[in-house]
There are 4 protein chains.
Amino acid sequence: MMKISRLGVIGAGRIGKIHAENLATRIPGVVVGAIADVNLQAAQEVAERLRIPSVSEDYRRILADPSIDAVAICSSTDTHAKIVVEGARAGKHIFCEKPIDYDLAKIDTALDAVNKAGVKLQIGFNRRFDPNFRKVRQMIAEGRIGKPHILRITSRDPEPPPVSYIKVSGGMFLDMTIHDFDMARHLVGSDVVEVFTSAGVLVDPAIGEADDVDTAVIMLRFANGAIGTIDNSRQAVYGYDQRIEVFGSGGMVQAHNNTPDNNVYTNADGVHSAKPLYFFLERYMESFLAEMRDFVKCIQEDITPSVTGMDGRIPVVIGLAARKSYLENRPVRLSEVG
Amino acid sequence: MMKISRLGVIGAGRIGKIHAENLATRIPGVVVGAIADVNLQAAQEVAERLRIPSVSEDYRRILADPSIDAVAICSSTDTHAKIVVEGARAGKHIFCEKPIDYDLAKIDTALDAVNKAGVKLQIGFNRRFDPNFRKVRQMIAEGRIGKPHILRITSRDPEPPPVSYIKVSGGMFLDMTIHDFDMARHLVGSDVVEVFTSAGVLVDPAIGEADDVDTAVIMLRFANGAIGTIDNSRQAVYGYDQRIEVFGSGGMVQAHNNTPDNNVYTNADGVHSAKPLYFFLERYMESFLAEMRDFVKCIQEDITPSVTGMDGRIPVVIGLAARKSYLENRPVRLSEVG
Amino acid sequence: MMKISRLGVIGAGRIGKIHAENLATRIPGVVVGAIADVNLQAAQEVAERLRIPSVSEDYRRILADPSIDAVAICSSTDTHAKIVVEGARAGKHIFCEKPIDYDLAKIDTALDAVNKAGVKLQIGFNRRFDPNFRKVRQMIAEGRIGKPHILRITSRDPEPPPVSYIKVSGGMFLDMTIHDFDMARHLVGSDVVEVFTSAGVLVDPAIGEADDVDTAVIMLRFANGAIGTIDNSRQAVYGYDQRIEVFGSGGMVQAHNNTPDNNVYTNADGVHSAKPLYFFLERYMESFLAEMRDFVKCIQEDITPSVTGMDGRIPVVIGLAARKSYLENRPVRLSEVG
Amino acid sequence: MMKISRLGVIGAGRIGKIHAENLATRIPGVVVGAIADVNLQAAQEVAERLRIPSVSEDYRRILADPSIDAVAICSSTDTHAKIVVEGARAGKHIFCEKPIDYDLAKIDTALDAVNKAGVKLQIGFNRRFDPNFRKVRQMIAEGRIGKPHILRITSRDPEPPPVSYIKVSGGMFLDMTIHDFDMARHLVGSDVVEVFTSAGVLVDPAIGEADDVDTAVIMLRFANGAIGTIDNSRQAVYGYDQRIEVFGSGGMVQAHNNTPDNNVYTNADGVHSAKPLYFFLERYMESFLAEMRDFVKCIQEDITPSVTGMDGRIPVVIGLAARKSYLENRPVRLSEVG
């Protein structure tokens with residue numbers, strides 16, 4: 001008979017709620033034994049709704065609870081690395097939202113702690129679990145497009161985050177493109193060796209004043225010779241634009257946007273259909289559930305997570321290189337950065 | 001503060017499980033207080049997983065429980081009408097899976113009991129709540145296509161049910177097309193007055209030996225002058241084909257199939273994309289949740305269900321007329337049947 | 001070396017001009033040696049532009065010209081049967097625009113004359129040569145969809161013809177649906193045995209006053225058991241809607257509309273693309289050229305035309321049956337009509 | 001009454017034949033008065049088929065003929081600049097296939113001669129006249145997407161040209177991407193100021209041995225701040241891939257591929273549709289006709305061609321910069337090149 005795993009959720013914000021709900025209601029073989037948030041009321045509300053027995057302001061209560069097998073770290077980014085270290089030392093398996101940190105030294109400290117403790121660490125690059133993208137990856141892995149030659153990721157947000165967020169987020173390359181960097185190396189199955197960035201402030205001058213960009217195209221050179229581009233905008237007026245195309249010696253595979261319906265309306269003005277889903281939680285709902293299922297499976301079957309700590313580190317390196325390329329207007333090799 | 005409604009679920013088969021799970025985990029303001037099934041073990045398994053406190057072999061235990069506000073009738077079709085009557089007399093609001101019965105007299109008895117008791121009755125025509133079709137209906141209601149002229153429903157199953165099922169189901173027009181009959185009148189916003197059926201046995205001779213057909217096109221005349229066709233097949237080798245097109249004086253709206261992903265693969269052989277979702281539970285997952293949300297809302301806000309008892313009766317009449325038309329090879333008016 | 005065939009074009013109206021131009025400029029191995037029209041000026045204008053040496057008001061001049069191998073009859077419908085007879089007697093091969101006539105006796109007289117003379121006769125059911133539909137036919141013939149079970153033809157005009165035309169055209173079933181009747185039997189590869197029509201006047205009451213309908217769905221029973229529907233409207237506000245779907249035991253093939261461009265425009269209101277081509281001459285431009293190429297090939301290689309005189313007769317029979325079914329509100333077998 | 005213009009066609013190869021045929025049979029108000037080719041037989045065959053009265057091995061016969069108003073230069077690229085100069089001196093209006101030359105000095109000499117003579121010069125960037133791309137340009141010009149932010153051109157050939165061609169063609173950036181460079185600046189409505197190229201030999205090592213690349217992504221910076229990418233491959237196994245996407249502050253417009261039919265085939269393996277048209281002559285057939293119509297109109301109405309000599313020069317500059325960027329692995333400003 002299957003062992004029931006007990007998980008603790010650290011952070012009861014937007015993403016913490018989603019993971020808590022998925023764990024509590026949609027994943028067999030697991031119970032949420034505890035939840036913590038510096039905002040106690042937020043944690044209490046989630047606990048009540050999902051009948052989670054233990055609630056606290058302090059995540060250390062969870063780490064100290066011997067009945068808890070694993071934790072999901074969903075707190076603010078600046079606390080991730082520290083909690084990873086403490087969680088590893090407490091012997092808990094760890095699911096950590098991306099990014100571990102924007103500082104490579106802190107990331108390395110965290111990964112060291114995990115290695116020493118021998119616990120499992122999975123990073124929250126949920127998009128790898130999206131049905132569209134997962135199938136793209138699978139087809140490439142099966143050789144359906146031959147050798148990958150050209151990768152193209154379109155990743156545009158429906159609207160910019162508040163400038164206050166941009167000032168602490170690490171900037172667009174680290175708060176937004178980081179998902180695309182992970183997807184790029186995941187899909188191509190080869191590592192990025194050099195990047196070149198062309199970027200600007202075309203959406204909102206306030207973003208420029210906060211020392212960030214809002215529009216960018218980043219060119220990627222992969223170790224296997226493939227070439228990739230990622231294009232980002234902080235504002236696509238038509239919604240959340242999340243597409244991928246990979247072209248290779250044997251064909252091409254594309255992931256198109258998801259929409260709220262599959263209707264087509266035709267009138268004297270033309271043929272009309274639905275815009276992409278607007279909000280990332282709708283767009284990636286299935287992937288949040290699937291990644292957590294995968295994490296629970298890794299714990300229960302003692303297998304290596306499919307998104308490792310090193311997979312969490314590399315996109316940060318690419319993001320730092322992309323920023324450096326933008327500032328210096330030249331191609332930057334990843335080895336220059338970290 | 002919102003009152004919590006307590007529901008009982010009668011029947012723990014395929015559809016009963018879905019409703020129980022939706023009620024227990026995804027609909028706020030409601031708890032599942034009891035479940036019953038003639039197969040006690042089936043009921044127990046669901047109860048354990050969803051922490052339902054009361055389990056029984058006998059649905060009458062639920063009807064006798066004064067703490068239960070409403071029941072969802074998910075038992076076998078031949079028991080629906082009887083349980084509706086008993087449930088109404090017990091003062092429970094009722095959600096009843098379609099069809100109420102295949103016998104108009106039994107349906108009328110059930111509807112009478114509901115009327116006398118003054119309880120709410122909602123029939124499980126879940127497809128009305130499907131996001132694609134709901135938007136089609138909404139656009140028609142808003143006049144976006146002008147006056148409806150031509151309706152076309154494509155409704156093809158991925159594979160035939162067992163012949164044993166066909167022998168007791170009332171036949172294709174009553175077990176399968178009944179959903180399409182409901183959709184037809186719902187979308188056009190006018191009632192069917194006459195039908196003409198052309199049908200045959202093209203898929204499996206065993207279906208013909210069971211006195212049913214497996215392929216049919218049914219033409220519908222509506223009171224408002226619109227003309228409709230429904231085409232059915234028991235076997236579309238490519239999956240579950242569920243499309244709608246409504247053409248009017250001002251334009252056309254179509255609902256296309258849902259697919260497991262939005263990818264496109266292009267190689268030397270052509271351009272390839274995903275087949276329709278194969279299984280009705282996947283295809284209509286969202287609609288099962290939405291219809292139950294709607295039922296709970298009707299109870300809690302004391303409003304009339306959007307799918308009434310009479311909406312449950314009329315498609316049975318159309319189905320009987322369609323069968324008669326097939327047997328006599330002539331157009332049949334609904335007034336001839338019931 | 002290939003013999004150059006000399007063709008005469010009878011009729012310099014809309015369709016006559018198209019055939020003359022295709023023959024004169026795009027089909028190798030043929031010259032247009034003469035053109036005739038009761039409107040001499042119309043014939044002269046075409047002749048001048050295309051350098052056709054002989055022009056006349058009287059088609060009999062063409063029939064009497066021994067240098068002419070074949071004629072394309074593009075005059076008004078009421079003259080077709082008569083000119084076919086005379087052309088056959090003059091030993092000319094004949095391409096005749098559809099329909100030969102609306103009177104079966106006149107058609108039979110014409111076909112007799114052709115048979116006796118041993119000349120070739122091809123009827124202008126150009127849509128068989130449309131690239132979309134030709135490929136549909138080819139795939140069905142290759143068994144790609146298995147046995148055909150359900151055929152669906154969508155055939156809607158962008159706007160009604162003048163009521164004056166409707167009064168002499170034979171009505172919608174004979175002036176418009178006739179193309180669809182031909183396509184139906186051509187695609188399914190089996191003959192229609194019974195029809196049932198549901199029709200009405202939903203577009204313009206003046207059409208009803210002219211004793212015609214403007215909206216119809218016609219159900220077809222084929223000898224091989226397949227079932228088909230054709231839906232027609234005199235007015236699709238979005239353009240010329242010409243689609244086909246054939247569903248069979250092994251799959252489905254669909255022909256979608258052609259559009260002036262393949263662009264997609266996405267903004268805050270939705271995703272927008274081009275309407276179908278509006279005008280039949282644009283939509284079927286390629287098919288007019290291809291059918292004439294085929295006719296020239298039949299003459300030069302002495303092979304049987306792919307659209308025979310009998311192929312011209314049968315759709316008239318189906319049209320007469322469809323009208324009878326409408327008037328009597330009952331299924332009508334083709335054997336009742338002719 | 002409209003004056004009939006007399007044109008001479010210089011070069012009877014693949015593209016010369018197309019222009020000759022379009023001029024002779026599909027464009028009113030113009031006659032082809034002469035044709036010349038160093039391969040006299042090729043010229044004679046075209047002349048016979050299209051009834052062109054004068055044929056020669058020597059294009060100077062055409063330039064010396066006072067009845068000729070204009071010439072279409074379709075000879076080999078290395079002769080373009082020289083014939084432009086001589087044609088201008090002879091007072092002929094000139095349509096010249098792209099590129100004028102790969103040497104900027106020769107281009108400048110040719111443009112000087114044209115300016116001095118005051119004749120019209122139109123360069124054969126036919127894709128501007130493609131219905132898809134023309135509409136994209138029109139929508140951008142109308143402000144339908146707001147300000148352009150990100151341009152993406154996908155331009156992949158079905159198969160590589162012979163290596164012998166690559167050795168004399170100027171390489172991929174000048175023989176293939178040159179069309180995309182023109183399209184980029186045409187669509188964005190702003191000039192390219194800097195390029196960065198990432199390229200490699202992924203298709204065929206023989207191409208690398210000929211000192212060229214077969215796969216490239218070129219990033220473009222525009223004067224207005226927009227960023228563009230062009231991706232090229234010498235070999236897309238699925239055909240000729242010609243797509244465009246332009247994203248802006250108010251929306252996005254995309255041009256998808258053209259296909260030989262609009263059919264969809266669905267079976268147990270998936271949903272299948274047609275590949276892009278394989279051959280550039282099919283794909284751009286309409287644009288060749290439209291550009292020549294436009295040229296004839298410019299002559300007859302005395303207006304400036306829409307694709308000027310300077311429009312012919314700039315893409316060569318971009319191509320040279322792209323090549324330099326590839327060789328030096330750094331962004332290159334156009335001002336460095338010419």
# chains A, B, ... in the order shown; residues from 1 in each chain; ligands from 1
$ interface_residues --of "chain A" --to "chain B" --cutoff "6 Å" --atoms "only C-alpha atoms" --output "CSV table (one decimal) with N, CA, C and O atoms, in the first residue's frame"
chain,number,residue,atom,x,y,z
A,132,ASN,N,1.1,21.4,-24.0
A,132,ASN,CA,1.7,21.8,-25.3
A,132,ASN,C,3.2,21.6,-25.3
A,132,ASN,O,3.8,21.0,-26.2
A,251,GLY,N,11.9,18.5,-39.9
A,251,GLY,CA,10.6,19.1,-39.8
A,251,GLY,C,10.5,20.2,-38.8
A,251,GLY,O,11.5,20.7,-38.3
A,252,MET,N,9.3,20.5,-38.4
A,252,MET,CA,9.1,21.7,-37.5
A,252,MET,C,8.0,21.3,-36.5
A,252,MET,O,7.0,20.7,-36.9
A,253,VAL,N,8.1,21.7,-35.3
A,253,VAL,CA,7.0,21.6,-34.4
A,253,VAL,C,6.7,22.9,-33.7
A,253,VAL,O,7.6,23.7,-33.4
A,254,GLN,N,5.4,23.3,-33.6
A,254,GLN,CA,5.0,24.5,-33.0
A,254,GLN,C,4.0,24.3,-31.9
A,254,GLN,O,3.1,23.5,-32.1
A,255,ALA,N,4.1,25.1,-30.9
A,255,ALA,CA,3.0,25.2,-29.9
A,255,ALA,C,2.3,26.5,-30.0
A,255,ALA,O,3.0,27.6,-29.9
A,256,HIS,N,1.0,26.5,-30.3
A,256,HIS,CA,0.3,27.7,-30.4
A,256,HIS,C,-0.4,28.1,-29.1
A,256,HIS,O,-0.3,27.3,-28.1
A,261,ASP,N,-12.0,29.4,-25.7
A,261,ASP,CA,-13.0,28.5,-26.4
A,261,ASP,C,-12.4,28.3,-27.8
A,261,ASP,O,-11.5,28.9,-28.2
A,262,ASN,N,-13.0,27.4,-28.5
A,262,ASN,CA,-12.6,27.0,-29.9
A,262,ASN,C,-13.7,27.5,-30.9
A,262,ASN,O,-13.9,26.8,-31.9
A,263,ASN,N,-14.3,28.6,-30.6
A,263,ASN,CA,-15.4,29.1,-31.5
A,263,ASN,C,-14.8,30.0,-32.6
A,263,ASN,O,-13.8,30.6,-32.4
A,264,VAL,N,-15.5,30.0,-33.7
A,264,VAL,CA,-15.2,31.0,-34.8
A,264,VAL,C,-16.5,31.7,-35.2
A,264,VAL,O,-17.5,31.1,-35.4
A,265,TYR,N,-16.4,33.0,-35.2
A,265,TYR,CA,-17.5,33.8,-35.6
A,265,TYR,C,-17.2,34.5,-36.9
A,265,TYR,O,-16.2,35.2,-37.0
A,266,THR,N,-18.1,34.4,-37.8
A,266,THR,CA,-17.9,35.0,-39.2
A,266,THR,C,-19.0,35.9,-39.5
A,266,THR,O,-20.2,35.6,-39.4
A,267,ASN,N,-18.7,37.2,-39.8
A,267,ASN,CA,-19.7,38.1,-40.2
A,267,ASN,C,-19.2,38.9,-41.3
A,267,ASN,O,-18.1,38.6,-41.9
$ residues_around --residues "A:Gly33" --least-positions-apart "6" --cutoff "10 Å" --atoms "only C-alpha atoms" --output "short mmCIF file (atom, residue, chain, number, x, y, z; two decimals) with all heavy atoms, in the first residue's frame"
data_model
loop_
_atom_site.label_atom_id
_atom_site.label_comp_id
_atom_site.auth_asym_id
_atom_site.auth_seq_id
_atom_site.Cartn_x
_atom_site.Cartn_y
_atom_site.Cartn_z
N SER A 5 2.41 10.78 1.88
CA SER A 5 3.43 11.78 2.22
C SER A 5 2.75 12.99 2.85
O SER A 5 1.64 13.36 2.46
CB SER A 5 4.18 12.23 0.96
OG SER A 5 4.78 11.13 0.33
N ARG A 6 3.46 13.60 3.80
CA ARG A 6 2.93 14.82 4.43
C ARG A 6 3.78 16.00 3.98
O ARG A 6 4.99 16.03 4.17
CB ARG A 6 2.98 14.70 5.96
CG ARG A 6 1.95 13.70 6.51
CD ARG A 6 2.03 13.63 8.03
NE ARG A 6 1.60 14.84 8.70
CZ ARG A 6 0.33 15.14 8.99
NH1 ARG A 6 -0.63 14.30 8.66
NH2 ARG A 6 0.04 16.26 9.62
N LEU A 7 3.13 16.97 3.40
CA LEU A 7 3.85 18.14 2.90
C LEU A 7 3.50 19.38 3.71
O LEU A 7 2.37 19.54 4.19
CB LEU A 7 3.53 18.40 1.43
CG LEU A 7 4.52 17.73 0.46
CD1 LEU A 7 4.12 16.29 0.24
CD2 LEU A 7 4.63 18.52 -0.82
N GLY A 8 4.48 20.26 3.80
CA GLY A 8 4.24 21.58 4.36
C GLY A 8 4.36 22.61 3.27
O GLY A 8 5.24 22.50 2.40
N VAL A 9 3.50 23.60 3.30
CA VAL A 9 3.55 24.66 2.30
C VAL A 9 4.02 25.94 2.97
O VAL A 9 3.43 26.39 3.96
CB VAL A 9 2.16 24.86 1.64
CG1 VAL A 9 2.18 26.06 0.70
CG2 VAL A 9 1.76 23.58 0.88
N ALA A 24 -3.83 19.33 -1.79
CA ALA A 24 -4.88 18.90 -0.86
C ALA A 24 -6.04 18.20 -1.56
O ALA A 24 -6.67 17.32 -0.99
CB ALA A 24 -5.41 20.11 -0.07
N ALA A 47 -5.77 27.33 5.24
CA ALA A 47 -5.84 26.14 6.11
C ALA A 47 -7.28 25.75 6.38
O ALA A 47 -7.66 24.57 6.32
CB ALA A 47 -5.11 26.41 7.43
N ARG A 51 -8.69 22.42 5.17
CA ARG A 51 -8.60 21.56 6.37
C ARG A 51 -7.14 21.14 6.66
O ARG A 51 -6.87 19.96 6.90
CB ARG A 51 -9.48 20.32 6.21
CG ARG A 51 -10.92 20.70 5.85
CD ARG A 51 -11.80 19.48 5.80
NE ARG A 51 -12.94 19.72 4.93
CZ ARG A 51 -13.77 18.78 4.47
NH1 ARG A 51 -13.59 17.53 4.82
NH2 ARG A 51 -14.80 19.08 3.70
N ILE A 52 -6.26 22.12 6.59
CA ILE A 52 -4.86 21.85 6.93
C ILE A 52 -4.72 22.00 8.45
O ILE A 52 -5.08 23.05 8.99
CB ILE A 52 -3.92 22.84 6.20
CG1 ILE A 52 -4.10 22.67 4.67
CG2 ILE A 52 -2.47 22.64 6.62
CD1 ILE A 52 -3.40 23.73 3.84
N PRO A 53 -4.20 20.99 9.15
CA PRO A 53 -4.27 20.99 10.62
C PRO A 53 -3.35 22.00 11.31
O PRO A 53 -3.68 22.50 12.38
CB PRO A 53 -3.88 19.56 10.99
CG PRO A 53 -3.16 19.02 9.80
CD PRO A 53 -3.70 19.72 8.61
N SER A 54 -2.21 22.33 10.71
CA SER A 54 -1.25 23.18 11.42
C SER A 54 -1.01 24.47 10.65
O SER A 54 -0.73 24.46 9.45
CB SER A 54 0.07 22.41 11.60
OG SER A 54 1.10 23.29 11.94
N VAL A 55 -1.08 25.60 11.37
CA VAL A 55 -0.88 26.91 10.73
C VAL A 55 0.09 27.71 11.57
O VAL A 55 0.06 27.67 12.79
CB VAL A 55 -2.22 27.69 10.65
CG1 VAL A 55 -2.06 28.95 9.80
CG2 VAL A 55 -3.33 26.81 10.13
N ILE A 62 7.39 24.41 10.57
CA ILE A 62 7.21 23.30 9.62
C ILE A 62 8.49 22.47 9.52
O ILE A 62 8.46 21.23 9.57
CB ILE A 62 6.80 23.82 8.24
CG1 ILE A 62 5.42 24.50 8.32
CG2 ILE A 62 6.79 22.70 7.21
CD1 ILE A 62 4.91 25.06 7.01
N ASP A 65 8.96 20.11 12.31
CA ASP A 65 7.92 19.08 12.51
C ASP A 65 8.39 17.77 11.89
O ASP A 65 8.50 17.64 10.67
CB ASP A 65 6.62 19.57 11.85
CG ASP A 65 5.48 18.57 12.00
OD1 ASP A 65 5.71 17.39 12.36
OD2 ASP A 65 4.33 18.98 11.75
N SER A 67 6.91 15.06 11.39
CA SER A 67 5.93 14.34 10.58
C SER A 67 5.89 14.85 9.14
O SER A 67 5.27 14.25 8.27
CB SER A 67 4.52 14.49 11.19
OG SER A 67 3.96 15.74 10.87
N ILE A 68 6.55 15.96 8.90
CA ILE A 68 6.54 16.55 7.55
C ILE A 68 7.70 15.96 6.73
O ILE A 68 8.85 16.01 7.15
CB ILE A 68 6.67 18.09 7.65
CG1 ILE A 68 5.46 18.70 8.37
CG2 ILE A 68 6.85 18.71 6.27
CD1 ILE A 68 4.14 18.58 7.63
N ASP A 69 7.33 15.44 5.57
CA ASP A 69 8.34 14.81 4.71
C ASP A 69 9.00 15.80 3.77
O ASP A 69 10.15 15.63 3.38
CB ASP A 69 7.68 13.72 3.85
CG ASP A 69 7.01 12.65 4.70
OD1 ASP A 69 7.72 12.04 5.52
OD2 ASP A 69 5.79 12.44 4.54
N ALA A 70 8.24 16.78 3.36
CA ALA A 70 8.73 17.65 2.29
C ALA A 70 8.06 19.02 2.38
O ALA A 70 6.97 19.14 2.97
CB ALA A 70 8.41 17.03 0.92
N VAL A 71 8.71 20.02 1.82
CA VAL A 71 8.12 21.35 1.83
C VAL A 71 8.07 21.93 0.42
O VAL A 71 8.90 21.62 -0.43
CB VAL A 71 8.93 22.33 2.72
CG1 VAL A 71 8.81 21.93 4.19
CG2 VAL A 71 10.38 22.42 2.29
#
$ residues_around --residues "A:Tyr102" --least-positions-apart "2" --cutoff "10 Å" --atoms "only C-alpha atoms" --output "list of chain:residue names"
A:Thr77, A:Asp78, A:Ala81, A:Lys98, A:Pro99, A:Ile100, A:Leu104, A:Ala105, A:Lys106, A:Ile107, A:Ser169, A:Gly170, A:Leu174, A:Asp175, A:Arg313, A:Pro315, A:Val316, A:Val317, A:Gly319, A:Leu320
$ select_by_dssp --residues "stretch 263-308 of chain C" --states "strand (DSSP E or B)" --output "compact mmCIF listing (two decimals) with N, CA, C and O atoms, in the first residue's frame"
# COMPACT_ATOMS: atom_id res chain seq x y z
N ASN C 263 -3.62 35.90 -43.83
CA ASN C 263 -3.16 36.70 -42.70
C ASN C 263 -4.06 36.52 -41.48
O ASN C 263 -5.23 36.19 -41.61
N VAL C 264 -3.46 36.76 -40.33
CA VAL C 264 -4.23 36.77 -39.09
C VAL C 264 -3.87 38.05 -38.33
O VAL C 264 -2.69 38.37 -38.17
N TYR C 265 -4.88 38.75 -37.90
CA TYR C 265 -4.69 40.01 -37.17
C TYR C 265 -5.25 39.83 -35.76
O TYR C 265 -6.39 39.42 -35.59
N THR C 266 -4.42 40.12 -34.78
CA THR C 266 -4.82 39.91 -33.40
C THR C 266 -4.74 41.23 -32.65
O THR C 266 -3.68 41.88 -32.65
N ASN C 267 -5.83 41.65 -32.06
CA ASN C 267 -5.78 42.86 -31.25
C ASN C 267 -6.60 42.64 -29.98
O ASN C 267 -6.99 41.51 -29.66
N GLY C 270 -9.80 40.52 -30.38
CA GLY C 270 -9.83 39.12 -30.76
C GLY C 270 -8.84 38.83 -31.86
O GLY C 270 -7.92 39.60 -32.11
N VAL C 271 -9.06 37.68 -32.50
CA VAL C 271 -8.18 37.20 -33.57
C VAL C 271 -9.02 37.21 -34.85
O VAL C 271 -10.11 36.65 -34.87
N HIS C 272 -8.49 37.87 -35.87
CA HIS C 272 -9.31 38.14 -37.05
C HIS C 272 -8.62 37.67 -38.32
O HIS C 272 -7.42 37.89 -38.49
N SER C 273 -9.39 37.06 -39.20
CA SER C 273 -8.80 36.67 -40.48
C SER C 273 -9.79 36.95 -41.61
O SER C 273 -10.89 37.45 -41.37
$ closest_residue --among "D:Tyr284, D:Arg234, D:Leu121, D:Ile314" --to "D:Gly338" --atoms "only C-alpha atoms"
D:Ile314
$ select_by_dssp --residues "stretch 101-269 of chain D" --states "helix (DSSP H, G or I)" --output "number ranges by chain"
D: 104-117, 126-129, 131-141, 163-168, 172-175, 177-188, 205-209
$ atom_distance --atom1 "atom CA of A:Glu336" --atom2 "atom CA of A:Arg185"
18.4 Å
$ residues_around --residues "stretch 288-294 of chain A" --least-positions-apart "4" --cutoff "9 Å" --atoms "only C-alpha atoms" --output "list in words"
Ile18, His19, Asn22, Leu23, Arg26, Ile27, Pro28, Phe95, Gly124, Phe125, Asn126, Arg127, Arg128, Phe129, Asp130, Leu281, Tyr284, Cys298, Ile299, Pro305 and Ser306 of chain A
$ residues_around --residues "C:Glu86" --least-positions-apart "6" --cutoff "9 Å" --atoms "only C-alpha atoms" --output "list in words"
Arg60, Leu63, Lys92, Ala110 and Ala113 of chain C
$ write_last_selection --atoms "all heavy atoms" --output "compact mmCIF listing (two decimals), in the first residue's frame"
# COMPACT_ATOMS: atom_id res chain seq x y z
N ARG C 60 -24.59 29.79 -85.88
CA ARG C 60 -24.63 28.82 -86.99
C ARG C 60 -23.47 29.04 -87.96
O ARG C 60 -23.05 28.11 -88.63
CB ARG C 60 -25.97 28.87 -87.69
CG ARG C 60 -27.05 28.19 -86.82
CD ARG C 60 -28.44 28.39 -87.36
NE ARG C 60 -28.80 29.82 -87.32
CZ ARG C 60 -30.03 30.27 -87.54
NH1 ARG C 60 -31.02 29.44 -87.82
NH2 ARG C 60 -30.28 31.56 -87.49
N LEU C 63 -20.90 26.80 -86.53
CA LEU C 63 -21.19 25.38 -86.79
C LEU C 63 -20.92 25.01 -88.25
O LEU C 63 -20.56 23.87 -88.57
CB LEU C 63 -22.64 25.05 -86.43
CG LEU C 63 -23.04 25.27 -84.96
CD1 LEU C 63 -24.48 24.79 -84.72
CD2 LEU C 63 -22.08 24.56 -84.01
N LYS C 92 -19.33 18.72 -84.53
CA LYS C 92 -18.41 19.40 -83.61
C LYS C 92 -18.42 18.70 -82.25
O LYS C 92 -19.48 18.29 -81.76
CB LYS C 92 -18.85 20.86 -83.38
CG LYS C 92 -19.12 21.68 -84.64
CD LYS C 92 -17.92 21.76 -85.56
CE LYS C 92 -18.19 22.71 -86.72
NZ LYS C 92 -17.21 22.50 -87.83
N ALA C 110 -31.14 16.02 -76.81
CA ALA C 110 -29.77 16.49 -77.04
C ALA C 110 -28.77 15.35 -76.89
O ALA C 110 -27.87 15.19 -77.73
CB ALA C 110 -29.45 17.63 -76.06
N ALA C 113 -28.77 13.08 -79.88
CA ALA C 113 -28.07 13.65 -81.04
C ALA C 113 -26.57 13.49 -80.89
O ALA C 113 -25.86 13.17 -81.85
CB ALA C 113 -28.44 15.13 -81.19
$ residues_around --residues "B:Ser325" --least-positions-apart "3" --cutoff "10 Å" --atoms "only C-alpha atoms" --output "PyMOL selection string"
chain B and resi 194-199+218+319-322+328-333
